[in-house]
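Novice: One file: model-v8.csv (CSV, C-alpha atoms and all ligand atoms).
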chain,number,residue,atom,x,y,z
F,1375,MET,CA,18.1,-1.5,-32.3
F,1376,ASN,CA,19.7,-2.7,-35.6
F,1377,THR,CA,20.8,-0.4,-38.5
F,1378,ILE,CA,17.2,-0.1,-39.9
F,1379,GLY,CA,15.7,0.8,-36.5
F,1380,ILE,CA,14.2,-2.6,-35.6
F,1381,GLU,CA,14.4,-3.9,-32.1
F,1382,ASN,CA,17.0,-6.6,-31.5
F,1383,GLN,CA,14.4,-8.9,-30.0
F,1384,THR,CA,12.2,-8.5,-33.1
F,1385,LYS,CA,15.0,-9.1,-35.6
F,1386,GLU,CA,15.9,-12.3,-33.8
F,1387,ILE,CA,12.3,-13.6,-33.6
F,1388,ILE,CA,11.5,-12.7,-37.2
F,1389,SER,CA,14.8,-14.0,-38.6
F,1390,LYS,CA,14.4,-17.3,-36.9
F,1391,GLU,CA,11.0,-17.7,-38.5
F,1392,LEU,CA,12.2,-16.5,-41.9
F,1393,ASN,CA,15.1,-19.0,-41.7
F,1394,GLY,CA,12.5,-21.8,-41.3
F,1395,LEU,CA,10.6,-20.4,-44.3
F,1396,LEU,CA,13.9,-20.2,-46.3
F,1397,ALA,CA,14.7,-23.8,-45.5
F,1398,THR,CA,11.2,-24.9,-46.5
F,1399,TYR,CA,11.5,-23.0,-49.8
F,1400,GLU,CA,14.8,-24.7,-50.6
F,1401,VAL,CA,13.3,-28.1,-50.2
F,1402,PHE,CA,10.1,-27.0,-52.1
F,1403,TYR,CA,12.3,-25.7,-54.9
F,1404,GLN,CA,14.0,-29.1,-55.3
F,1405,ASN,CA,10.7,-30.9,-55.1
F,1406,LEU,CA,9.5,-28.7,-58.0
F,1407,ARG,CA,12.6,-29.5,-60.0
F,1408,ALA,CA,12.0,-33.2,-59.4
F,1409,CYS,CA,8.4,-32.8,-60.7
F,1410,HIS,CA,9.7,-30.8,-63.7
F,1411,TRP,CA,12.2,-33.6,-64.6
F,1412,ASN,CA,10.3,-36.7,-63.7
F,1413,VAL,CA,6.7,-36.0,-64.8
F,1414,LYS,CA,5.4,-38.3,-67.5
F,1415,GLY,CA,2.1,-38.8,-69.3
F,1416,GLU,CA,-0.4,-37.0,-71.5
F,1417,HIS,CA,-0.1,-33.7,-69.5
F,1418,PHE,CA,3.7,-33.7,-69.7
F,1419,PHE,CA,4.1,-30.5,-71.7
F,1420,GLU,CA,1.8,-28.3,-69.6
F,1421,LEU,CA,3.0,-29.7,-66.2
F,1422,HIS,CA,6.7,-29.6,-67.2
F,1423,LEU,CA,6.2,-25.8,-68.0
F,1424,LYS,CA,4.1,-25.2,-64.9
F,1425,PHE,CA,6.7,-26.7,-62.6
F,1426,GLU,CA,9.4,-24.6,-64.2
F,1427,GLU,CA,7.3,-21.5,-63.7
F,1428,LEU,CA,6.8,-22.4,-60.0
F,1429,TYR,CA,10.5,-23.3,-59.3
F,1430,SER,CA,11.6,-20.0,-61.0
F,1431,ASP,CA,9.3,-18.1,-58.7
F,1432,ALA,CA,10.5,-20.1,-55.6
F,1433,GLN,CA,14.1,-19.3,-56.6
F,1434,LEU,CA,13.4,-15.5,-56.6
F,1435,LYS,CA,11.6,-15.8,-53.2
F,1436,ILE,CA,14.5,-17.8,-51.7
F,1437,ASP,CA,16.8,-14.9,-52.5
F,1438,GLU,CA,14.4,-12.3,-51.2
F,1439,ILE,CA,13.9,-14.1,-47.9
F,1440,ALA,CA,17.7,-14.6,-47.4
F,1441,GLU,CA,18.3,-10.9,-48.1
F,1442,ARG,CA,15.5,-9.8,-45.8
F,1443,ILE,CA,17.2,-11.8,-43.0
F,1444,LEU,CA,20.5,-10.0,-43.9
F,1445,THR,CA,18.7,-6.6,-44.0
F,1446,LEU,CA,17.4,-7.3,-40.5
F,1447,GLY,CA,21.0,-7.8,-39.5
F,1448,MET,CA,20.9,-11.6,-39.1
F,1449,GLN,CA,22.4,-14.6,-40.9
F,1450,PRO,CA,20.4,-16.7,-43.4
F,1451,LEU,CA,20.9,-20.5,-43.4
F,1452,ASP,CA,23.1,-21.5,-46.3
F,1453,SER,CA,23.7,-25.2,-46.3
F,1454,TYR,CA,21.6,-28.1,-47.5
F,1455,SER,CA,22.0,-30.0,-44.2
F,1456,ALA,CA,20.5,-27.0,-42.3
F,1457,TYR,CA,17.7,-26.7,-44.9
F,1458,LEU,CA,16.7,-30.4,-44.6
F,1459,ASP,CA,16.9,-30.1,-40.8
F,1460,GLN,CA,14.6,-27.1,-40.6
F,1461,SER,CA,12.3,-27.4,-43.5
F,1462,ALA,CA,8.6,-27.8,-42.8
F,1463,VAL,CA,8.1,-29.9,-45.9
F,1464,LYS,CA,9.7,-33.2,-46.7
F,1465,GLU,CA,11.8,-33.9,-49.8
F,1466,PHE,CA,10.4,-36.3,-52.4
F,1467,SER,CA,11.9,-37.8,-55.5
F,1468,GLY,CA,11.2,-40.0,-58.5
F,1469,VAL,CA,7.5,-39.2,-58.7
F,1470,SER,CA,6.3,-39.3,-62.3
F,1471,ASP,CA,2.6,-39.2,-62.0
F,1472,GLY,CA,1.3,-35.7,-62.8
F,1473,ARG,CA,-1.6,-35.7,-60.4
F,1474,THR,CA,0.6,-36.9,-57.5
F,1475,CYS,CA,3.1,-34.2,-58.3
F,1476,VAL,CA,0.4,-31.5,-58.4
F,1477,SER,CA,-1.1,-32.7,-55.2
F,1478,ILE,CA,2.2,-32.7,-53.4
F,1479,VAL,CA,3.0,-29.2,-54.7
F,1480,ARG,CA,-0.3,-28.0,-53.5
F,1481,GLU,CA,0.3,-29.6,-50.1
F,1482,ASN,CA,3.8,-28.0,-49.8
F,1483,LEU,CA,2.3,-24.6,-50.8
F,1484,ASN,CA,-0.4,-24.9,-48.1
F,1485,THR,CA,2.4,-25.6,-45.5
F,1486,ILE,CA,4.3,-22.5,-46.8
F,1487,LEU,CA,1.2,-20.4,-46.7
F,1488,SER,CA,0.6,-21.3,-43.0
F,1489,LEU,CA,4.3,-20.4,-42.2
F,1490,GLU,CA,3.9,-17.1,-44.0
F,1491,ARG,CA,0.6,-16.3,-42.2
F,1492,MET,CA,2.4,-17.0,-38.9
F,1493,ILE,CA,5.3,-14.8,-39.8
F,1494,LEU,CA,2.9,-12.0,-40.9
F,1495,GLU,CA,1.2,-12.1,-37.6
F,1496,LYS,CA,4.5,-11.7,-35.8
F,1497,SER,CA,5.9,-9.1,-38.1
F,1498,ASP,CA,2.6,-7.1,-37.8
F,1499,GLU,CA,2.8,-7.3,-34.0
F,1500,SER,CA,6.4,-6.0,-34.1
F,1501,CYS,CA,5.8,-3.3,-36.7
F,1502,ASP,CA,8.3,-4.9,-39.1
F,1503,SER,CA,6.4,-3.7,-42.1
F,1504,GLY,CA,9.1,-4.7,-44.6
F,1505,THR,CA,8.7,-8.4,-43.6
F,1506,SER,CA,4.9,-8.0,-43.5
F,1507,ASP,CA,4.8,-6.5,-47.0
F,1508,LEU,CA,6.9,-9.4,-48.3
F,1509,MET,CA,4.6,-12.0,-46.7
F,1510,THR,CA,1.4,-10.3,-47.9
F,1511,GLN,CA,2.6,-10.4,-51.5
F,1512,TYR,CA,3.6,-14.0,-51.2
F,1513,ILE,CA,0.3,-15.1,-49.5
F,1514,SER,CA,-2.0,-13.5,-52.0
F,1515,ALA,CA,-0.1,-14.8,-55.1
F,1516,GLN,CA,0.2,-18.3,-53.6
F,1517,GLU,CA,-3.5,-18.5,-52.6
F,1518,LYS,CA,-4.2,-18.0,-56.3
F,1519,VAL,CA,-1.8,-20.8,-57.3
F,1520,VAL,CA,-3.5,-23.1,-54.7
F,1521,TRP,CA,-6.9,-22.3,-56.3
F,1522,MET,CA,-5.5,-23.2,-59.8
F,1523,LEU,CA,-3.9,-26.4,-58.6
F,1524,THR,CA,-7.1,-27.4,-56.9
F,1525,ALA,CA,-9.0,-26.6,-60.1
F,1526,TYR,CA,-6.6,-28.8,-62.1
F,1527,LEU,CA,-7.1,-31.7,-59.6
F,1528,SER,CA,-10.9,-31.5,-59.5
H,1601,FE,FE,14.1,-27.7,-67.7
Represent the structure from my file as structure tokens, please.
Specialist:
Amino acid sequence: MNTIGIENQTKEIISKELNGLLATYEVFYQNLRACHWNVKGEHFFELHLKFEELYSDAQLKIDEIAERILTLGMQPLDSYSAYLDQSAVKEFSGVSDGRTCVSIVRENLNTILSLERMILEKSDESCDSGTSDLMTQYISAQEKVVWMLTAYLS
């Protein structure tokens, strides 16, 4: 057991998955910044702001995920090389077309959602309700963002 009463095996399994999510969020964060900086065209003002809102949210989640890993008694990944190695989304750069940016962001979010659902399944199985609670909050908010991005693209 660790200091918060979670089985050692559970903390290791959950932390490994959370580290994968953390790595993915770090790359996603930089993808959002790239969109914020590079987007051009008639929707510049709304998209520039929307990407800022999304990267600010990702920044908060990055910290929450890393601190959840520490709370479980494990070590969060803390280097860009590890993030690039373990991220489930690819980095992209130099894209200035707004629709392409929105569609990549939506795709990245769908990948993140599937990671979170997988983690939720494991944390539920192991009665790690702290992690489950975090994942549930992320999932419901991001499903709404995916709906909005889809509405934008349609
Ligand atoms: Fe800015």
Novice: F:Thr1505, F:Ser1430, F:Ser1455, F:Ser1500: which is nearest ligand FE 1601 (chain H), counting all atoms listed in the file?
Specialist: F:Ser1430
Novice: Any residue with an atom at most 12 Å from ligand FE 1601 (chain H) counts, using only C-alpha atoms and all ligand atoms. Which are they? Put them as a list in words.
Specialist: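 My answer, listing the contacting residues, is Leu1406, Arg1407, Ala1408, Cys1409, His1410, Trp1411, Asn1412, Val1413, Phe1419, Leu1421, His1422, Leu1423, Lys1424, Phe1425, Glu1426, Glu1427, Leu1428, Tyr1429 and Ser1430 of chain F.
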Novice: Pull C-alpha atoms from the residues just selected and write them as a tab-separated table (two decimals), keeping the file's coordinate frame.
Specialist:
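See selection-v8.tsv below for the written result:
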chain	number	residue	atom	x	y	z
F	1406	LEU	CA	9.50	-28.70	-58.00
F	1407	ARG	CA	12.60	-29.50	-60.00
F	1408	ALA	CA	12.00	-33.20	-59.40
F	1409	CYS	CA	8.40	-32.80	-60.70
F	1410	HIS	CA	9.70	-30.80	-63.70
F	1411	TRP	CA	12.20	-33.60	-64.60
F	1412	ASN	CA	10.30	-36.70	-63.70
F	1413	VAL	CA	6.70	-36.00	-64.80
F	1419	PHE	CA	4.10	-30.50	-71.70
F	1421	LEU	CA	3.00	-29.70	-66.20
F	1422	HIS	CA	6.70	-29.60	-67.20
F	1423	LEU	CA	6.20	-25.80	-68.00
F	1424	LYS	CA	4.10	-25.20	-64.90
F	1425	PHE	CA	6.70	-26.70	-62.60
F	1426	GLU	CA	9.40	-24.60	-64.20
F	1427	GLU	CA	7.30	-21.50	-63.70
F	1428	LEU	CA	6.80	-22.40	-60.00
F	1429	TYR	CA	10.50	-23.30	-59.30
F	1430	SER	CA	11.60	-20.00	-61.00
Novice: Looking at all atoms listed in the file, which of F:Ile1387, F:Leu1395, F:Val1479, F:Leu1434 is the one that sits closest to F:Met1522?
Specialist: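 Under the stated criterion, the closest residue is F:Val1479.
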Novice: Dump as a ChimeraX atom specification all residues having an atom at most 9 Å from (-2.3, -27.8, -60.3), computed in the file's coordinates with all atoms listed in the file.
Specialist: /F:1421,1424,1473,1475-1477,1479-1480,1519-1527
Novice: Rounded to one decimal place, report the atom CA of F:Gly1415-atom CA of F:Gln1516 distance in Å.
Specialist: 25.9 Å
Novice: To one decimal in Å, tell me the separation between atom CA of F:Gly1504 and atom CA of F:Ile1486.
Specialist: 18.6 Å
Novice: Which residue out of F:Ile1378, F:Val1469, F:Ile1478, F:Leu1508 has the minimum interatomic distance to F:Ile1436 when all atoms listed in the file are used?
Specialist: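 That would be F:Leu1508, the residue with the smallest distance to F:Ile1436.
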Novice: Atom CA of F:Gln1383 to atom CA of F:Gln1460: how many Å, to one decimal?
Specialist: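 One can read the atom CA of F:Gln1383 to atom CA of F:Gln1460 distance as 21.1 Å.
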